[in-house]
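What follows is the content of query-v1.pdb (PDB, C-alpha atoms, pLDDT in the B column).
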ATOM      1  CA  MET A  90      30.389   9.500 -36.335  1.00 34.00           C
ATOM      2  CA  SER A  91      30.173   8.905 -32.618  1.00 34.00           C
ATOM      3  CA  SER A  92      26.948   7.813 -31.001  1.00 39.00           C
ATOM      4  CA  LEU A  93      25.903   8.520 -27.446  1.00 44.00           C
ATOM      5  CA  ARG A  94      24.921   5.435 -25.525  1.00 56.00           C
ATOM      6  CA  MET A  95      21.855   5.900 -23.369  1.00 67.00           C
ATOM      7  CA  THR A  96      22.542   5.353 -19.671  1.00 80.00           C
ATOM      8  CA  SER A  97      20.857   2.443 -17.954  1.00 80.00           C
ATOM      9  CA  ASP A  98      18.893   4.771 -15.642  1.00 82.00           C
ATOM     10  CA  LEU A  99      17.604   6.845 -18.541  1.00 88.00           C
ATOM     11  CA  ARG A 100      16.627   3.745 -20.502  1.00 88.00           C
ATOM     12  CA  ARG A 101      14.803   2.451 -17.449  1.00 88.00           C
ATOM     13  CA  GLN A 102      12.848   5.696 -17.096  1.00 89.00           C
ATOM     14  CA  LEU A 103      11.894   5.661 -20.779  1.00 91.00           C
ATOM     15  CA  ILE A 104      10.615   2.092 -20.410  1.00 93.00           C
ATOM     16  CA  LEU A 105       8.567   3.075 -17.351  1.00 90.00           C
ATOM     17  CA  GLY A 106       7.124   6.046 -19.224  1.00 90.00           C
ATOM     18  CA  ALA A 107       6.081   3.807 -22.119  1.00 91.00           C
ATOM     19  CA  ALA A 108       4.638   1.247 -19.687  1.00 89.00           C
ATOM     20  CA  LYS A 109       2.549   3.890 -17.907  1.00 86.00           C
ATOM     21  CA  ARG A 110       1.012   4.924 -21.219  1.00 88.00           C
ATOM     22  CA  CYS A 111       0.270   1.314 -22.164  1.00 88.00           C
ATOM     23  CA  PHE A 112      -1.259   0.428 -18.790  1.00 83.00           C
ATOM     24  CA  ALA A 113      -3.356   3.619 -18.805  1.00 76.00           C
ATOM     25  CA  ARG A 114      -4.684   2.856 -22.292  1.00 83.00           C
ATOM     26  CA  HIS A 115      -5.107  -0.925 -22.197  1.00 82.00           C
ATOM     27  CA  GLY A 116      -5.139  -1.861 -18.509  1.00 79.00           C
ATOM     28  CA  TYR A 117      -2.921  -4.480 -16.924  1.00 82.00           C
ATOM     29  CA  THR A 118      -4.442  -7.475 -18.700  1.00 82.00           C
ATOM     30  CA  GLY A 119      -4.459  -5.827 -22.113  1.00 86.00           C
ATOM     31  CA  THR A 120      -0.829  -4.725 -21.890  1.00 89.00           C
ATOM     32  CA  THR A 121       2.025  -7.031 -22.916  1.00 94.00           C
ATOM     33  CA  THR A 122       5.778  -6.687 -22.582  1.00 94.00           C
ATOM     34  CA  LYS A 123       5.911  -6.754 -26.379  1.00 95.00           C
ATOM     35  CA  SER A 124       3.605  -3.721 -26.613  1.00 94.00           C
ATOM     36  CA  VAL A 125       5.605  -1.859 -23.948  1.00 94.00           C
ATOM     37  CA  ALA A 126       8.863  -2.594 -25.792  1.00 95.00           C
ATOM     38  CA  ALA A 127       7.347  -1.297 -29.013  1.00 95.00           C
ATOM     39  CA  ALA A 128       6.135   1.876 -27.281  1.00 93.00           C
ATOM     40  CA  ALA A 129       9.632   2.413 -25.877  1.00 92.00           C
ATOM     41  CA  ALA A 130      11.216   1.716 -29.289  1.00 92.00           C
ATOM     42  CA  ILE A 131      13.381  -1.101 -27.952  1.00 93.00           C
ATOM     43  CA  SER A 132      13.485  -4.858 -28.272  1.00 94.00           C
ATOM     44  CA  GLU A 133      11.594  -7.058 -25.844  1.00 94.00           C
ATOM     45  CA  ALA A 134      14.924  -8.670 -24.910  1.00 94.00           C
ATOM     46  CA  LEU A 135      16.309  -5.283 -23.850  1.00 93.00           C
ATOM     47  CA  LEU A 136      13.177  -4.598 -21.809  1.00 94.00           C
ATOM     48  CA  PHE A 137      13.719  -7.867 -19.936  1.00 93.00           C
ATOM     49  CA  LYS A 138      17.244  -6.758 -19.009  1.00 93.00           C
ATOM     50  CA  HIS A 139      15.652  -3.982 -16.950  1.00 93.00           C
ATOM     51  CA  PHE A 140      12.399  -5.636 -15.830  1.00 92.00           C
ATOM     52  CA  PRO A 141      11.996  -9.426 -15.648  1.00 91.00           C
ATOM     53  CA  SER A 142       8.212  -9.396 -16.123  1.00 89.00           C
ATOM     54  CA  LYS A 143       5.108  -7.303 -16.724  1.00 89.00           C
ATOM     55  CA  ALA A 144       4.303  -7.561 -13.013  1.00 88.00           C
ATOM     56  CA  ALA A 145       7.714  -6.118 -12.133  1.00 88.00           C
ATOM     57  CA  LEU A 146       7.041  -3.179 -14.462  1.00 90.00           C
ATOM     58  CA  TYR A 147       3.659  -2.528 -12.905  1.00 85.00           C
ATOM     59  CA  ALA A 148       5.024  -2.788  -9.367  1.00 84.00           C
ATOM     60  CA  GLU A 149       7.764  -0.278 -10.171  1.00 86.00           C
ATOM     61  CA  ILE A 150       5.158   2.183 -11.439  1.00 84.00           C
ATOM     62  CA  LEU A 151       3.144   1.773  -8.227  1.00 80.00           C
ATOM     63  CA  SER A 152       6.306   2.308  -6.192  1.00 79.00           C
ATOM     64  CA  ASP A 153       7.013   5.527  -8.081  1.00 81.00           C
ATOM     65  CA  GLU A 154       3.452   6.710  -7.425  1.00 78.00           C
ATOM     66  CA  CYS A 155       3.837   6.043  -3.695  1.00 75.00           C
ATOM     67  CA  GLU A 156       7.146   7.907  -3.568  1.00 77.00           C
ATOM     68  CA  ALA A 157       5.493  10.845  -5.325  1.00 74.00           C
ATOM     69  CA  ASP A 158       2.867  11.116  -2.546  1.00 79.00           C
ATOM     70  CA  PRO A 159       4.157  13.743  -0.044  1.00 85.00           C
ATOM     71  CA  ALA A 160       1.896  12.579   2.791  1.00 84.00           C
ATOM     72  CA  PHE A 161       2.987   8.961   2.410  1.00 84.00           C
ATOM     73  CA  MET A 162       6.668   9.834   2.252  1.00 87.00           C
ATOM     74  CA  GLU A 163       6.325  12.146   5.273  1.00 91.00           C
ATOM     75  CA  LEU A 164       4.886   9.251   7.246  1.00 90.00           C
ATOM     76  CA  LEU A 165       7.733   6.924   6.244  1.00 89.00           C
ATOM     77  CA  GLU A 166      10.295   9.546   7.246  1.00 93.00           C
ATOM     78  CA  ARG A 167       8.903   9.991  10.762  1.00 94.00           C
ATOM     79  CA  GLU A 168      10.843   8.850  13.778  1.00 96.00           C
ATOM     80  CA  PRO A 169       9.877   5.222  14.562  1.00 97.00           C
ATOM     81  CA  SER A 170       7.422   5.275  17.461  1.00 97.00           C
ATOM     82  CA  THR A 171       4.064   4.032  18.703  1.00 97.00           C
ATOM     83  CA  ALA A 172       2.440   7.054  17.041  1.00 97.00           C
ATOM     84  CA  THR A 173       4.061   6.191  13.695  1.00 96.00           C
ATOM     85  CA  LEU A 174       2.931   2.576  14.045  1.00 97.00           C
ATOM     86  CA  VAL A 175      -0.670   3.671  14.649  1.00 97.00           C
ATOM     87  CA  GLU A 176      -0.581   6.057  11.686  1.00 96.00           C
ATOM     88  CA  LEU A 177       0.760   3.301   9.410  1.00 96.00           C
ATOM     89  CA  ILE A 178      -2.180   1.073  10.312  1.00 97.00           C
ATOM     90  CA  ARG A 179      -4.686   3.921  10.125  1.00 95.00           C
ATOM     91  CA  GLY A 180      -3.343   4.943   6.700  1.00 93.00           C
ATOM     92  CA  MET A 181      -3.571   1.377   5.415  1.00 94.00           C
ATOM     93  CA  VAL A 182      -7.173   1.077   6.605  1.00 94.00           C
ATOM     94  CA  GLU A 183      -8.148   4.403   5.018  1.00 91.00           C
ATOM     95  CA  HIS A 184      -6.475   3.413   1.738  1.00 89.00           C
ATOM     96  CA  PHE A 185      -8.307   0.107   1.390  1.00 91.00           C
ATOM     97  CA  LEU A 186     -11.688   1.433   2.482  1.00 89.00           C
ATOM     98  CA  GLN A 187     -11.410   4.289  -0.014  1.00 88.00           C
ATOM     99  CA  ILE A 188     -10.887   1.789  -2.823  1.00 86.00           C
ATOM    100  CA  ALA A 189     -14.385   0.428  -2.260  1.00 73.00           C
ATOM    101  CA  ASP A 190     -15.985   3.806  -1.540  1.00 74.00           C
ATOM    102  CA  GLY A 191     -14.220   5.958  -4.129  1.00 70.00           C
ATOM    103  CA  PRO A 192     -14.575   6.344  -7.903  1.00 62.00           C
ATOM    104  CA  ASP A 193     -10.959   5.390  -8.687  1.00 62.00           C
ATOM    105  CA  GLN A 194     -11.460   2.383 -10.957  1.00 73.00           C
ATOM    106  CA  GLU A 195      -7.700   1.931 -11.384  1.00 75.00           C
ATOM    107  CA  GLU A 196      -7.276   1.242  -7.657  1.00 81.00           C
ATOM    108  CA  ALA A 197     -10.250  -1.137  -7.715  1.00 84.00           C
ATOM    109  CA  GLN A 198      -8.704  -2.976 -10.664  1.00 80.00           C
ATOM    110  CA  ARG A 199      -5.428  -3.370  -8.770  1.00 83.00           C
ATOM    111  CA  LEU A 200      -7.301  -4.942  -5.886  1.00 88.00           C
ATOM    112  CA  ARG A 201      -9.015  -7.352  -8.265  1.00 86.00           C
ATOM    113  CA  LEU A 202      -5.659  -8.228  -9.832  1.00 84.00           C
ATOM    114  CA  MET A 203      -4.228  -9.002  -6.394  1.00 87.00           C
ATOM    115  CA  ALA A 204      -7.153 -11.294  -5.589  1.00 90.00           C
ATOM    116  CA  THR A 205      -6.929 -13.055  -8.946  1.00 87.00           C
ATOM    117  CA  SER A 206      -3.174 -13.464  -8.659  1.00 86.00           C
ATOM    118  CA  HIS A 207      -3.547 -15.422  -5.412  1.00 91.00           C
ATOM    119  CA  LEU A 208      -5.753 -17.897  -7.260  1.00 90.00           C
ATOM    120  CA  ASP A 209      -3.473 -18.036 -10.303  1.00 86.00           C
ATOM    121  CA  ASP A 210       0.340 -18.247 -10.413  1.00 84.00           C
ATOM    122  CA  GLY A 211       0.851 -15.593  -7.700  1.00 86.00           C
ATOM    123  CA  GLU A 212       3.434 -13.619  -9.700  1.00 85.00           C
ATOM    124  CA  PHE A 213       1.615 -10.279  -9.545  1.00 85.00           C
ATOM    125  CA  ALA A 214       0.980 -10.602  -5.793  1.00 88.00           C
ATOM    126  CA  ARG A 215       4.577 -11.674  -5.048  1.00 88.00           C
ATOM    127  CA  VAL A 216       6.036  -8.685  -6.862  1.00 85.00           C
ATOM    128  CA  LEU A 217       3.683  -6.218  -5.180  1.00 87.00           C
ATOM    129  CA  TYR A 218       4.305  -7.707  -1.733  1.00 92.00           C
ATOM    130  CA  ALA A 219       8.043  -7.326  -2.311  1.00 89.00           C
ATOM    131  CA  LYS A 220       7.563  -3.643  -3.199  1.00 87.00           C
ATOM    132  CA  ILE A 221       5.357  -3.039  -0.151  1.00 91.00           C
ATOM    133  CA  ASP A 222       7.980  -4.709   2.026  1.00 93.00           C
ATOM    134  CA  THR A 223      10.696  -2.438   0.585  1.00 91.00           C
ATOM    135  CA  LEU A 224       8.637   0.700   1.204  1.00 90.00           C
ATOM    136  CA  ILE A 225       7.054  -0.011   4.580  1.00 94.00           C
ATOM    137  CA  GLY A 226       8.581  -3.106   6.202  1.00 96.00           C
ATOM    138  CA  ALA A 227      11.559  -1.522   7.983  1.00 96.00           C
ATOM    139  CA  VAL A 228       9.494   1.422   9.266  1.00 96.00           C
ATOM    140  CA  PHE A 229       6.831  -0.904  10.655  1.00 97.00           C
ATOM    141  CA  VAL A 230       9.325  -3.166  12.427  1.00 97.00           C
ATOM    142  CA  ALA A 231      11.311  -0.249  13.892  1.00 97.00           C
ATOM    143  CA  SER A 232       8.122   1.437  15.146  1.00 98.00           C
ATOM    144  CA  PHE A 233       6.847  -1.828  16.599  1.00 98.00           C
ATOM    145  CA  GLU A 234      10.126  -2.299  18.496  1.00 97.00           C
ATOM    146  CA  ARG A 235       9.865   1.254  19.849  1.00 98.00           C
ATOM    147  CA  ALA A 236       6.289   0.551  20.952  1.00 98.00           C
ATOM    148  CA  ILE A 237       7.485  -2.519  22.881  1.00 98.00           C
ATOM    149  CA  ALA A 238      10.290  -0.521  24.496  1.00 98.00           C
ATOM    150  CA  ALA A 239       7.775   2.163  25.521  1.00 97.00           C
ATOM    151  CA  GLY A 240       5.496  -0.427  27.129  1.00 97.00           C
ATOM    152  CA  ASP A 241       2.788   0.190  24.535  1.00 98.00           C
ATOM    153  CA  ALA A 242       2.924  -3.267  22.934  1.00 98.00           C
ATOM    154  CA  ARG A 243       3.703  -6.816  23.923  1.00 96.00           C
ATOM    155  CA  PRO A 244       6.721  -8.589  22.381  1.00 96.00           C
ATOM    156  CA  CYS A 245       6.179 -10.825  19.363  1.00 92.00           C
ATOM    157  CA  ALA A 246       7.375 -14.424  19.520  1.00 91.00           C
ATOM    158  CA  GLY A 247       7.799 -14.734  15.734  1.00 92.00           C
ATOM    159  CA  ASP A 248       8.832 -12.436  12.920  1.00 96.00           C
ATOM    160  CA  PRO A 249       7.355  -8.994  13.720  1.00 96.00           C
ATOM    161  CA  LEU A 250       6.931  -8.235  10.015  1.00 97.00           C
ATOM    162  CA  ASN A 251       4.334 -11.010   9.880  1.00 97.00           C
ATOM    163  CA  LEU A 252       2.123  -8.827  12.066  1.00 97.00           C
ATOM    164  CA  PHE A 253       2.110  -6.212   9.319  1.00 97.00           C
ATOM    165  CA  TRP A 254       1.179  -8.817   6.716  1.00 97.00           C
ATOM    166  CA  PHE A 255      -1.610 -10.221   8.883  1.00 97.00           C
ATOM    167  CA  ALA A 256      -3.032  -6.706   9.232  1.00 97.00           C
ATOM    168  CA  HIS A 257      -2.624  -6.064   5.503  1.00 97.00           C
ATOM    169  CA  HIS A 258      -4.388  -9.297   4.532  1.00 97.00           C
ATOM    170  CA  ALA A 259      -7.267  -8.635   6.923  1.00 96.00           C
ATOM    171  CA  VAL A 260      -7.987  -5.127   5.665  1.00 95.00           C
ATOM    172  CA  MET A 261      -7.548  -6.197   2.029  1.00 94.00           C
ATOM    173  CA  THR A 262     -10.224  -8.856   2.529  1.00 95.00           C
ATOM    174  CA  VAL A 263     -12.549  -6.284   4.093  1.00 94.00           C
ATOM    175  CA  ALA A 264     -12.081  -4.118   0.997  1.00 92.00           C
ATOM    176  CA  LEU A 265     -12.825  -7.070  -1.293  1.00 93.00           C
ATOM    177  CA  THR A 266     -16.164  -7.695   0.435  1.00 93.00           C
ATOM    178  CA  ARG A 267     -17.137  -4.083  -0.342  1.00 89.00           C
ATOM    179  CA  LEU A 268     -15.861  -4.002  -3.923  1.00 88.00           C
ATOM    180  CA  PRO A 269     -18.963  -5.263  -5.807  1.00 88.00           C
ATOM    181  CA  ALA A 270     -21.783  -2.802  -6.552  1.00 85.00           C
ATOM    182  CA  THR A 271     -23.792  -4.758  -3.988  1.00 88.00           C
ATOM    183  CA  PRO A 272     -21.364  -5.445  -1.111  1.00 88.00           C
ATOM    184  CA  CYS A 273     -20.916  -9.080  -0.093  1.00 91.00           C
ATOM    185  CA  LEU A 274     -21.203  -8.057   3.548  1.00 89.00           C
ATOM    186  CA  ALA A 275     -22.654  -4.987   5.223  1.00 83.00           C
ATOM    187  CA  TYR A 276     -20.407  -3.749   8.015  1.00 86.00           C
ATOM    188  CA  GLY A 277     -22.445  -0.671   8.909  1.00 77.00           C
ATOM    189  CA  GLU A 278     -21.403   2.967   8.821  1.00 72.00           C
ATOM    190  CA  ALA A 279     -18.068   3.597   7.096  1.00 65.00           C
ATOM    191  CA  LYS A 280     -16.791   5.861   9.870  1.00 68.00           C
ATOM    192  CA  ASP A 281     -17.555   3.233  12.511  1.00 85.00           C
ATOM    193  CA  LEU A 282     -15.997   0.526  10.340  1.00 90.00           C
ATOM    194  CA  GLU A 283     -12.746   2.458  10.006  1.00 91.00           C
ATOM    195  CA  ARG A 284     -12.486   2.898  13.762  1.00 92.00           C
ATOM    196  CA  GLN A 285     -13.415  -0.717  14.524  1.00 94.00           C
ATOM    197  CA  LEU A 286     -10.975  -2.052  11.981  1.00 95.00           C
ATOM    198  CA  CYS A 287      -8.106   0.110  13.263  1.00 96.00           C
ATOM    199  CA  GLU A 288      -8.738  -1.016  16.851  1.00 96.00           C
ATOM    200  CA  PHE A 289      -8.988  -4.671  15.792  1.00 97.00           C
ATOM    201  CA  LEU A 290      -5.714  -4.564  13.863  1.00 98.00           C
ATOM    202  CA  LEU A 291      -3.809  -2.601  16.506  1.00 98.00           C
ATOM    203  CA  ARG A 292      -4.882  -5.045  19.217  1.00 97.00           C
ATOM    204  CA  GLY A 293      -3.962  -7.906  16.902  1.00 97.00           C
ATOM    205  CA  ILE A 294      -0.397  -6.669  16.441  1.00 97.00           C
ATOM    206  CA  GLY A 295      -0.052  -6.322  20.208  1.00 97.00           C
ATOM    207  CA  LEU A 296      -0.813  -2.720  21.211  1.00 98.00           C
ATOM    208  CA  ASN A 297      -2.506  -2.289  24.567  1.00 97.00           C
ATOM    209  CA  ASP A 298      -5.776  -0.413  25.006  1.00 96.00           C
ATOM    210  CA  ALA A 299      -4.118   2.578  26.673  1.00 96.00           C
ATOM    211  CA  ALA A 300      -1.777   3.114  23.709  1.00 97.00           C
ATOM    212  CA  ILE A 301      -4.615   2.715  21.232  1.00 96.00           C
ATOM    213  CA  ALA A 302      -6.804   5.201  23.094  1.00 95.00           C
ATOM    214  CA  SER A 303      -3.925   7.649  23.384  1.00 95.00           C
ATOM    215  CA  HIS A 304      -2.905   7.644  19.715  1.00 94.00           C
ATOM    216  CA  LEU A 305      -5.932   6.510  17.748  1.00 90.00           C
ATOM    217  CA  GLY A 306      -8.310   8.574  19.859  1.00 77.00           C
ATOM    218  CA  ARG A 307      -6.339  11.812  19.575  1.00 54.00           C
ATOM    219  CA  ASP A 308      -8.658  13.357  16.976  1.00 50.00           C
ATOM    220  CA  VAL A 309     -11.746  12.356  18.929  1.00 39.00           C
ATOM    221  CA  ALA A 310     -10.309  13.819  22.115  1.00 37.00           C
ATOM    222  CA  ALA A 311      -9.459  17.070  20.333  1.00 40.00           C
ATOM    223  CA  ASP A 312     -13.028  17.384  19.028  1.00 41.00           C
ATOM    224  CA  ALA A 313     -14.407  16.734  22.502  1.00 35.00           C
ATOM    225  CA  ASN A 314     -12.192  19.433  24.011  1.00 39.00           C
ATOM    226  CA  GLN A 315     -13.302  21.952  21.381  1.00 40.00           C
ATOM    227  CA  THR A 316     -16.950  21.157  22.131  1.00 34.00           C
ATOM    228  CA  ALA A 317     -16.385  21.585  25.864  1.00 35.00           C
ATOM    229  CA  ILE A 318     -14.696  24.951  25.309  1.00 36.00           C
ATOM    230  CA  ALA A 319     -17.506  26.134  23.065  1.00 37.00           C
ATOM    231  CA  GLU A 320     -20.190  25.076  25.560  1.00 34.00           C
ATOM    232  CA  SER A 321     -18.451  26.805  28.453  1.00 35.00           C
ATOM    233  CA  ALA A 322     -17.925  30.053  26.539  1.00 35.00           C
TER
END

How would this structure read if it were set down as structure tokens?
Amino acid sequence: MSSLRMTSDLRRQLILGAAKRCFARHGYTGTTTKSVAAAAAISEALLFKHFPSKAALYAEILSDECEADPAFMELLEREPSTATLVELIRGMVEHFLQIADGPDQEEAQRLRLMATSHLDDGEFARVLYAKIDTLIGAVFVASFERAIAAGDARPCAGDPLNLFWFAHHAVMTVALTRLPATPCLAYGEAKDLERQLCEFLLRGIGLNDAAIASHLGRDVAADANQTAIAESA
């Protein structure tokens, strides 16, 4: 009798499917590579040939979720530009603020895991940072370079990708202060906080005020124009 050998890609997808079920049922802490291997009907050694750790498994699942988000993928596929750079920062701010404001406990747990990982061995955070870099890093750097060429941003003396990480760390910390039922710090109205945080981060990465007003203020300007038209009618 001949047996069909499962392709590496198919085996990988079956492992990810089993891991998703385990993480959904038991959470990150309660899931082990042994339990994932059992759910996938393979040995733990075979699982490690595809994923070196539980953190790598979890990061791959998050990456798949991001790639399944049409709005996120549309943003990453845009032409690099100042506008794309602003939307990347705005999207990051919205994402982190929604973690604290929304009912999605899974997202809140991920944020807690990131914070804990920095105080522990750092494995979980390292793997997630690597995935974020793969998804967003090149788009950020290319858009930042276009912004400099357009006169919308000042050149960076060091690694431009560091500017993205500085922005990421800042907004992640803001989200952590708002994560408990009683926030550690009251920033004021959420809408004002989002705007303030976007402006702070965009100035920090080097955009000038004119570029920020032009791209970040587009929605505000549109609303103002509609009001003016309505009042003059």

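With distances taken over all atoms listed in the file, A:Ile225 is the one residue among A:Ala134, A:Ala189, A:Ala113, A:Ile225 lying closest to Ser152 in chain A.
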
Q: Check what the PyMOL selection byres ((chain A and resi 253) around 9) selects in the file above and give those residues as an NGL selection string.
A: :A and (178 or 226 or 229-230 or 249-252 or 254-258 or 294)

If you keep C-alpha atoms, can you produce a file of those selected residues as a PDB file, in the coordinates of the input?
ATOM      1  CA  ILE A 178      -2.180   1.073  10.312  1.00 97.00           C
ATOM      2  CA  GLY A 226       8.581  -3.106   6.202  1.00 96.00           C
ATOM      3  CA  PHE A 229       6.831  -0.904  10.655  1.00 97.00           C
ATOM      4  CA  VAL A 230       9.325  -3.166  12.427  1.00 97.00           C
ATOM      5  CA  PRO A 249       7.355  -8.994  13.720  1.00 96.00           C
ATOM      6  CA  LEU A 250       6.931  -8.235  10.015  1.00 97.00           C
ATOM      7  CA  ASN A 251       4.334 -11.010   9.880  1.00 97.00           C
ATOM      8  CA  LEU A 252       2.123  -8.827  12.066  1.00 97.00           C
ATOM      9  CA  TRP A 254       1.179  -8.817   6.716  1.00 97.00           C
ATOM     10  CA  PHE A 255      -1.610 -10.221   8.883  1.00 97.00           C
ATOM     11  CA  ALA A 256      -3.032  -6.706   9.232  1.00 97.00           C
ATOM     12  CA  HIS A 257      -2.624  -6.064   5.503  1.00 97.00           C
ATOM     13  CA  HIS A 258      -4.388  -9.297   4.532  1.00 97.00           C
ATOM     14  CA  ILE A 294      -0.397  -6.669  16.441  1.00 97.00           C
TER      15      ILE A 294
END

At a cut-off of 12 Å, can you tabulate as JSON lines every residue of range 103-187 of chain A near range 200-203 of chain A together with its closest atom pair and the distance in Å to one decimal, using only C-alpha atoms and ordering rows by chain then number?
{"residue": "A:Gly116", "atom": "CA", "partner": "A:Leu202", "partner_atom": "CA", "distance": 10.8}
{"residue": "A:Tyr117", "atom": "CA", "partner": "A:Leu202", "partner_atom": "CA", "distance": 8.5}
{"residue": "A:Thr118", "atom": "CA", "partner": "A:Leu202", "partner_atom": "CA", "distance": 9.0}
{"residue": "A:Ala144", "atom": "CA", "partner": "A:Leu202", "partner_atom": "CA", "distance": 10.5}
{"residue": "A:Tyr147", "atom": "CA", "partner": "A:Leu202", "partner_atom": "CA", "distance": 11.3}
{"residue": "A:Ala148", "atom": "CA", "partner": "A:Met203", "partner_atom": "CA", "distance": 11.5}
{"residue": "A:His184", "atom": "CA", "partner": "A:Leu200", "partner_atom": "CA", "distance": 11.3}
{"residue": "A:Phe185", "atom": "CA", "partner": "A:Leu200", "partner_atom": "CA", "distance": 8.9}
{"residue": "A:Leu186", "atom": "CA", "partner": "A:Leu200", "partner_atom": "CA", "distance": 11.4}
{"residue": "A:Gln187", "atom": "CA", "partner": "A:Leu200", "partner_atom": "CA", "distance": 11.7}

Q: Compare A:Thr266, A:Gln102, A:Ser206, A:Gln285 by their minimum atom-to-atom distance to Ile150 in chain A, counting only C-alpha atoms, and give me the closest one.
A: A:Gln102

Q.
Please return as a VMD selection string every residue within 12 Å of (12.7, 3.9, -24.1), taking into account all atoms listed in the file and the file's own coordinates.
A. chain A and resid 95 to 109 125 to 133 135 to 136 139

Q) Looking at A:Cys111, A:Ala219, A:Thr171, A:Val260, which one is nearest to Asn297 in chain A, with distances taken over all atoms listed in the file? A) A:Thr171

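CA of Ser142 in chain A to CA of Ala157 in chain A spans 23.1 Å [interatomic distance, one decimal].
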
Q. Any chance you could work out the residue set of the PyMOL selection byres ((chain A and resi 286) around 10) here, as a PyMOL selection string?
A. chain A and resi 178-179+182-183+256+259-260+263+281-285+287-292

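Nearest to Ala270 in chain A of all the residues A:Ala227, A:Ala197, A:Thr205, A:Asp222 is A:Ala197, counting all atoms listed in the file.
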
Q | Matched chain/residue IDs from the PyMOL selection byres ((chain A and resi 169) around 8), as a PyMOL selection string | A | chain A and resi 167-168+170-171+173-174+228-229+231-233+235

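The space between CA of Ala302 in chain A and CA of Ala275 in chain A spans 26.0 Å.
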
Could you give me the centre and size, in Å to one decimal, of an axis-aligned box around all listed atoms of range 196-213 of chain A with 5 Å added on every side, as JSON?
{"center_x": -3.4, "center_y": -8.5, "center_z": -8.0, "size_x": 23.7, "size_y": 29.5, "size_z": 15.3}

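With only C-alpha atoms as the atoms that count, the residue of A:Asp248, A:Glu212, A:Asp241, A:Glu278 with the shortest distance to Val175 in chain A is A:Asp241.
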
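Minimum atom-to-atom distance to Tyr276 in chain A, evaluated using only C-alpha atoms, belongs to A:Ala264 out of A:Ile188, A:Arg243, A:Ala264, A:Phe161.
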